[in-house]
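These notes concern the structure reproduced below.
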Amino acid sequence: MAKVQAVYICQSCGTVHNKWAGQCTGCMAWNTLVQENASAPPGALKVETSPSRISRMGKLSFETLDTVDVAPQRMATGIEEFDRVCGGGIVPGSAILLAGDPGVGKSTLLLQVTARAALNGLKVAYISGEEAVEQVRGRAARMSLSKAPVDLAAETSLRTILDALKRETFDLVIIDSIQTLWSDAVEAAQGSVSQVRACASELVRLAKKSRTAMILVGHVTKDGQIAGPRVVEHMVDAVLSFEGERGYPFRILRGSKNRFGATDEIGVFEMGDIGLREVPNPSALFLGENDERASGSAVFAGIEGSRPVLVEIQALVAPSAYGTPRRAVVGWDSGRLAMILAVLEARCGMGFGQKDVYLNVAGGLKINEPAADLAAAMALISALLDQPLPKASVIFGEISLSGEIRGVSRMETRMKEALKLGFSTAIAPGQALENAPLEVKAYAHMVNALGAFDLTET
Ligand code: TYD
Ligand code: MG
């Protein structure tokens with residue numbers, strides 16, 4: 001029997017250490033190393049060179065690159081916001097990781113997806129390791145999905161699940177969640193990296209072999225990393241994350257990896273009493289109620305995937321009570337905020353130094369586009385000067401470290417959507433736009449953009 005050797009595996013990133021340490025050298029997280037027994041590392045390849053063995057292994061055949069490209073066929077589940085993020089439907093035999101905070105609505109989403117897919121004629125199974133069959137049934141009843149022909153089971157043993165899936169083939173199988181599964185081939189606690197990795201690799205292999213699409217649910221830790229199963233990320237074909245801020249009904253499904261489609265698409269849902277409702281036109285969702293904007297509020301004309309989305313960005317600047325002023329940001333990158341503040345200080349002489357600065361993206365949306373720089377900067381200046389921005393104006397543009405305002409992609413699409421929603425002016429980068437749908441106040445540099453404010457008092 002192989003010698004069992006104790007190793008220490010980081011539960012956050014999966015780095016293997018021979019000795020215990022307080023901090024993982026891979027991801028620098030503290031207290032994440034857990035002892036696990038590695039008799040044979042999963043997937044370890046035993047190289048045998050005896051000729052008899054090689055002849056038994058079969059021959060590798062090469063092909064040319066020059067073959068007719070067949071686009072993968074896709075199974076549409078019928079939940080369009082979900083299909084869009086998958087690239088137009090789920091590819092048979094693909095493995096998808098759906099990651100999200102506990103309680104964000106992953107099980108709800110997948111129950112709705114499976115029910116709709118089953119009603120559309122796909123053969124689907126929902127295997128829950130977290131909830132009893134009665135609980136899932138109860139939720140289905142609440143959402144009036146009881147009639148959908150979904151095969152439902154509660155099971156955590158990988159062997160039992162694999163046996164069942166070998167006996168009967170499905171188009172789509174949901175595993176909720178990968179952290180609750182355990183394999184008797186691995187000596188490690190349920191939910192540990194070794195277990196998660198072993199279970200996921202078996203399931204992914206089965207998916208490829210049987211052409212069953214597999215969706216694995218993974219819970220994420222507080223800092224946004226997929227707990228333990230970050231190791232799963234590179235085994236699967238697509239990683240979708242389900243996001244939402246507590247207290248807001250909106251939920252965003254975002255693809256962060258997709259071997260079969262674009263990764264910048266988002267799906268927008270609203271959580272209600274009877275499950276998730278699709279939001280096919282989210283452009284005005286994150287705008288807030290008021291037409292009259294207070295100082296510190298700016299409307300960013302953004303693009304999420306293929307769709308324009310208008311978002312309110314709110315800034316607050318207040319005298320600091322502490323030696324080191326606070327910088328807090330929700331829905332945007334804090335590094336980006338620091339950069340914009342530095343540009344405003346160094347290039348425009350705006351003094352934020354001893355002030356607390358808060359920046360918030362309305363509605364719980366997370367913005368990743370650099371095109372939001374100018375909107376954030378204008379919100380910050382507006383808050384600092386206590387002057388509202390011009391009425392009915394939208395803002396977009398990227399700011400460079402020199403303070404220059406750069407053009408962004410799809411400026412016309414952004415403006416057209418704003419026009420539809422009743423905006424009349426765009427505060428935009430210097431490139432003159434011919435036949436722009438809105439009146440454009442174009443600025444080439446942040447110093448010029450200050451012209452949107454009355455600076456006589458300061
Ligand atoms: P759930 O799908 O169990 O989350 P996850 O699987 O990601 O842990 O969602 C649980 C939350 O969703 C819970 O806080 C209640 C809420 N919810 C609703 O608001 N309305 C509904 O119709 C359902 C089914 C859930
Ligand atoms: Mg769940």
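Ordering of the structure tokens sets the chain letters (A, B, ...), residue numbers begin anew at 1 in every chain, and ligands are numbered from 1 in the order given.
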Write out as an mmCIF file with N, CA and C atoms, in the first residue's frame each polymer residue (protein, DNA or RNA) that has an atom no more than 9 Å from ligand 1, with only C-alpha atoms and all ligand atoms counted.
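For reference, part-v2.cif as written:
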data_model
loop_
_atom_site.group_PDB
_atom_site.id
_atom_site.type_symbol
_atom_site.label_atom_id
_atom_site.label_comp_id
_atom_site.auth_asym_id
_atom_site.auth_seq_id
_atom_site.Cartn_x
_atom_site.Cartn_y
_atom_site.Cartn_z
ATOM 1 N N ALA A 99 -20.934 30.182 -8.400
ATOM 2 C CA ALA A 99 -20.414 30.584 -7.102
ATOM 3 C C ALA A 99 -21.179 31.781 -6.573
ATOM 4 N N GLY A 100 -21.301 31.856 -5.263
ATOM 5 C CA GLY A 100 -21.975 33.005 -4.667
ATOM 6 C C GLY A 100 -22.006 32.893 -3.162
ATOM 7 N N ASP A 101 -22.281 34.016 -2.506
ATOM 8 C CA ASP A 101 -22.406 34.025 -1.047
ATOM 9 C C ASP A 101 -23.541 33.110 -0.623
ATOM 10 N N PRO A 102 -23.437 32.512 0.555
ATOM 11 C CA PRO A 102 -24.584 31.764 1.063
ATOM 12 C C PRO A 102 -25.794 32.697 1.184
ATOM 13 N N GLY A 103 -26.936 32.243 0.725
ATOM 14 C CA GLY A 103 -28.147 33.039 0.869
ATOM 15 C C GLY A 103 -28.406 34.014 -0.260
ATOM 16 N N VAL A 104 -27.529 34.073 -1.251
ATOM 17 C CA VAL A 104 -27.738 35.047 -2.324
ATOM 18 C C VAL A 104 -28.854 34.596 -3.270
ATOM 19 N N GLY A 105 -29.094 33.284 -3.312
ATOM 20 C CA GLY A 105 -30.195 32.783 -4.141
ATOM 21 C C GLY A 105 -29.783 31.758 -5.189
ATOM 22 N N LYS A 106 -28.657 31.087 -4.970
ATOM 23 C CA LYS A 106 -28.165 30.112 -5.956
ATOM 24 C C LYS A 106 -29.139 28.952 -6.114
ATOM 25 N N SER A 107 -29.594 28.412 -4.983
ATOM 26 C CA SER A 107 -30.510 27.270 -5.061
ATOM 27 C C SER A 107 -31.825 27.684 -5.702
ATOM 28 N N THR A 108 -32.277 28.874 -5.378
ATOM 29 C CA THR A 108 -33.521 29.371 -5.961
ATOM 30 C C THR A 108 -33.381 29.493 -7.473
ATOM 31 N N LEU A 109 -32.272 30.110 -7.911
ATOM 32 C CA LEU A 109 -32.041 30.284 -9.347
ATOM 33 C C LEU A 109 -32.010 28.930 -10.061
ATOM 34 N N LEU A 110 -31.257 27.990 -9.481
ATOM 35 C CA LEU A 110 -31.090 26.713 -10.176
ATOM 36 C C LEU A 110 -32.364 25.887 -10.175
ATOM 37 N N LEU A 111 -33.164 26.029 -9.130
ATOM 38 C CA LEU A 111 -34.445 25.323 -9.124
ATOM 39 C C LEU A 111 -35.327 25.870 -10.245
ATOM 40 N N GLU A 130 -27.579 19.858 0.577
ATOM 41 C CA GLU A 130 -27.753 20.808 1.679
ATOM 42 C C GLU A 130 -29.142 20.755 2.276
ATOM 43 N N ARG A 139 -40.101 24.687 -1.533
ATOM 44 C CA ARG A 139 -39.742 25.902 -2.249
ATOM 45 C C ARG A 139 -40.332 25.885 -3.657
ATOM 46 N N ALA A 140 -40.276 24.697 -4.287
ATOM 47 C CA ALA A 140 -40.845 24.577 -5.638
ATOM 48 C C ALA A 140 -42.336 24.886 -5.602
ATOM 49 N N ARG A 142 -43.881 26.829 -3.511
ATOM 50 C CA ARG A 142 -44.072 28.254 -3.316
ATOM 51 C C ARG A 142 -43.913 29.028 -4.629
ATOM 52 N N MET A 143 -43.050 28.513 -5.482
ATOM 53 C CA MET A 143 -42.821 29.200 -6.751
ATOM 54 C C MET A 143 -43.671 28.603 -7.874
ATOM 55 N N ASP A 176 -25.876 20.657 -5.708
ATOM 56 C CA ASP A 176 -26.000 21.795 -4.787
ATOM 57 C C ASP A 176 -25.666 21.321 -3.365
ATOM 58 N N SER A 177 -24.507 21.489 -2.846
ATOM 59 C CA SER A 177 -23.360 22.161 -3.420
ATOM 60 C C SER A 177 -22.155 21.209 -3.431
ATOM 61 N N VAL A 217 -22.621 23.922 -7.611
ATOM 62 C CA VAL A 217 -22.775 25.126 -6.794
ATOM 63 C C VAL A 217 -21.597 25.212 -5.836
ATOM 64 N N GLY A 218 -21.002 26.378 -5.703
ATOM 65 C CA GLY A 218 -19.907 26.568 -4.743
ATOM 66 C C GLY A 218 -20.153 27.806 -3.902
ATOM 67 N N HIS A 219 -19.993 27.663 -2.589
ATOM 68 C CA HIS A 219 -20.163 28.844 -1.734
ATOM 69 C C HIS A 219 -18.866 29.629 -1.703
ATOM 70 N N PHE A 242 -22.872 34.643 -8.791
ATOM 71 C CA PHE A 242 -24.178 35.234 -8.519
ATOM 72 C C PHE A 242 -23.963 36.238 -7.408
ATOM 73 N N PRO A 249 -32.942 44.008 -3.675
ATOM 74 C CA PRO A 249 -33.544 42.831 -4.305
ATOM 75 C C PRO A 249 -32.801 42.361 -5.563
ATOM 76 N N MET A 271 -35.117 39.495 -6.746
ATOM 77 C CA MET A 271 -35.631 38.498 -5.803
ATOM 78 C C MET A 271 -36.934 38.991 -5.208
ATOM 79 N N GLY A 272 -37.973 38.183 -5.339
ATOM 80 C CA GLY A 272 -39.269 38.570 -4.787
ATOM 81 C C GLY A 272 -39.815 37.478 -3.892
ATOM 82 N N ASP A 273 -41.113 37.542 -3.614
ATOM 83 C CA ASP A 273 -41.731 36.550 -2.729
ATOM 84 C C ASP A 273 -41.823 35.185 -3.385
ATOM 85 N N ILE A 274 -41.928 35.171 -4.707
ATOM 86 C CA ILE A 274 -42.051 33.884 -5.391
ATOM 87 C C ILE A 274 -40.856 33.652 -6.294
ATOM 88 N N GLY A 275 -39.696 33.823 -5.708
ATOM 89 C CA GLY A 275 -38.476 33.508 -6.450
ATOM 90 C C GLY A 275 -37.922 34.681 -7.234
ATOM 91 N N LEU A 276 -37.063 34.337 -8.181
ATOM 92 C CA LEU A 276 -36.358 35.365 -8.944
ATOM 93 C C LEU A 276 -37.144 35.728 -10.195
#
request  = Name the residues in contact with region 409-417 of chain A at a cut-off of 9 Å, using only C-alpha atoms, excluding same-chain residues fewer than 5 positions from it; report them as number ranges by chain.
outcome  = A: 283, 301-303, 307-310, 371, 394, 396, 422-423, 425-426, 428, 433, 436-438
inquiry  = Would you compute the distance between CA of Gly351 (chain A) and CA of Ala294 (chain A)? Give it in Å to one decimal.
reply    = 20.8 Å
inquiry  = I'd like the neighbourhood of Thr15 (chain A) as a list in words, where a residue qualifies if any of its atoms comes within 10 Å (using only C-alpha atoms), though same-chain residues fewer than 3 positions away should be ignored.
reply    =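 Residues near the query, excluding close chain neighbours: Tyr8, Ile9, Cys10, Gln11, Ser12, Cys24, Thr25, Gly26, Cys27, Leu33, Val193 and Val231 of chain A.
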Given the selection you just returned, output its residues as a file containing N, CA and C atoms, formatted as an mmCIF file, in the first residue's frame.
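Contents of result_19.cif, freshly written:
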data_model
loop_
_atom_site.group_PDB
_atom_site.id
_atom_site.type_symbol
_atom_site.label_atom_id
_atom_site.label_comp_id
_atom_site.auth_asym_id
_atom_site.auth_seq_id
_atom_site.Cartn_x
_atom_site.Cartn_y
_atom_site.Cartn_z
ATOM 1 N N TYR A 8 -0.164 19.680 4.128
ATOM 2 C CA TYR A 8 -0.998 20.779 4.612
ATOM 3 C C TYR A 8 -1.467 21.572 3.407
ATOM 4 N N ILE A 9 -2.768 21.643 3.253
ATOM 5 C CA ILE A 9 -3.320 22.270 2.051
ATOM 6 C C ILE A 9 -4.055 23.542 2.431
ATOM 7 N N CYS A 10 -3.756 24.617 1.729
ATOM 8 C CA CYS A 10 -4.436 25.882 1.987
ATOM 9 C C CYS A 10 -5.886 25.751 1.538
ATOM 10 N N GLN A 11 -6.826 26.034 2.436
ATOM 11 C CA GLN A 11 -8.242 25.863 2.121
ATOM 12 C C GLN A 11 -8.769 27.006 1.267
ATOM 13 N N SER A 12 -7.918 27.999 1.070
ATOM 14 C CA SER A 12 -8.367 29.112 0.249
ATOM 15 C C SER A 12 -7.914 28.961 -1.198
ATOM 16 N N CYS A 24 -0.242 31.073 4.338
ATOM 17 C CA CYS A 24 -0.033 30.361 3.083
ATOM 18 C C CYS A 24 0.905 31.182 2.199
ATOM 19 N N THR A 25 1.903 30.526 1.646
ATOM 20 C CA THR A 25 2.832 31.259 0.783
ATOM 21 C C THR A 25 2.217 31.514 -0.590
ATOM 22 N N GLY A 26 1.147 30.799 -0.898
ATOM 23 C CA GLY A 26 0.525 30.957 -2.212
ATOM 24 C C GLY A 26 -0.351 32.187 -2.290
ATOM 25 N N CYS A 27 -1.280 32.324 -1.310
ATOM 26 C CA CYS A 27 -2.237 33.430 -1.395
ATOM 27 C C CYS A 27 -2.113 34.381 -0.219
ATOM 28 N N LEU A 33 -4.215 26.731 6.506
ATOM 29 C CA LEU A 33 -3.640 25.413 6.220
ATOM 30 C C LEU A 33 -4.300 24.350 7.086
ATOM 31 N N VAL A 193 -10.317 20.972 0.733
ATOM 32 C CA VAL A 193 -9.861 21.118 -0.643
ATOM 33 C C VAL A 193 -9.726 19.765 -1.340
ATOM 34 N N VAL A 231 -9.873 25.669 -6.495
ATOM 35 C CA VAL A 231 -9.217 24.641 -7.308
ATOM 36 C C VAL A 231 -10.159 24.115 -8.383
#
request  = Enter the distance from CA of Asn448 (chain A) to CA of Gln387 (chain A), in Å, rounded to one decimal.
outcome  =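 Separation between CA of Asn448 (chain A) and CA of Gln387 (chain A): 16.7 Å.
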ask   = Neighbours of region 326-342 of chain A within 7 Å (only C-alpha atoms; same-chain residues fewer than 4 positions away dropped), as a list of chain:residue names?
value =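 Result of the neighbour search: A:Ala346, A:Asp356, A:Val357, A:Tyr358, A:Leu359, A:Asn360, A:Val361, A:Gly364, A:Leu365, A:Lys366, A:Ile367, A:Asn368, A:Ala377.
Relative to CA of Glu304 (chain A), CA of Lys441 (chain A) is found at 23.6 Å.
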request  = Based on DSSP run over this structure's backbone, return all residues of region 99-323 of chain A in strand (DSSP E or B), as a ChimeraX atom specification.
outcome  = /A:99-100,124-128,151-154,157,172-176,182,213-220,226,238-243,250-258,266-272,275-278,286,297-304,307-319
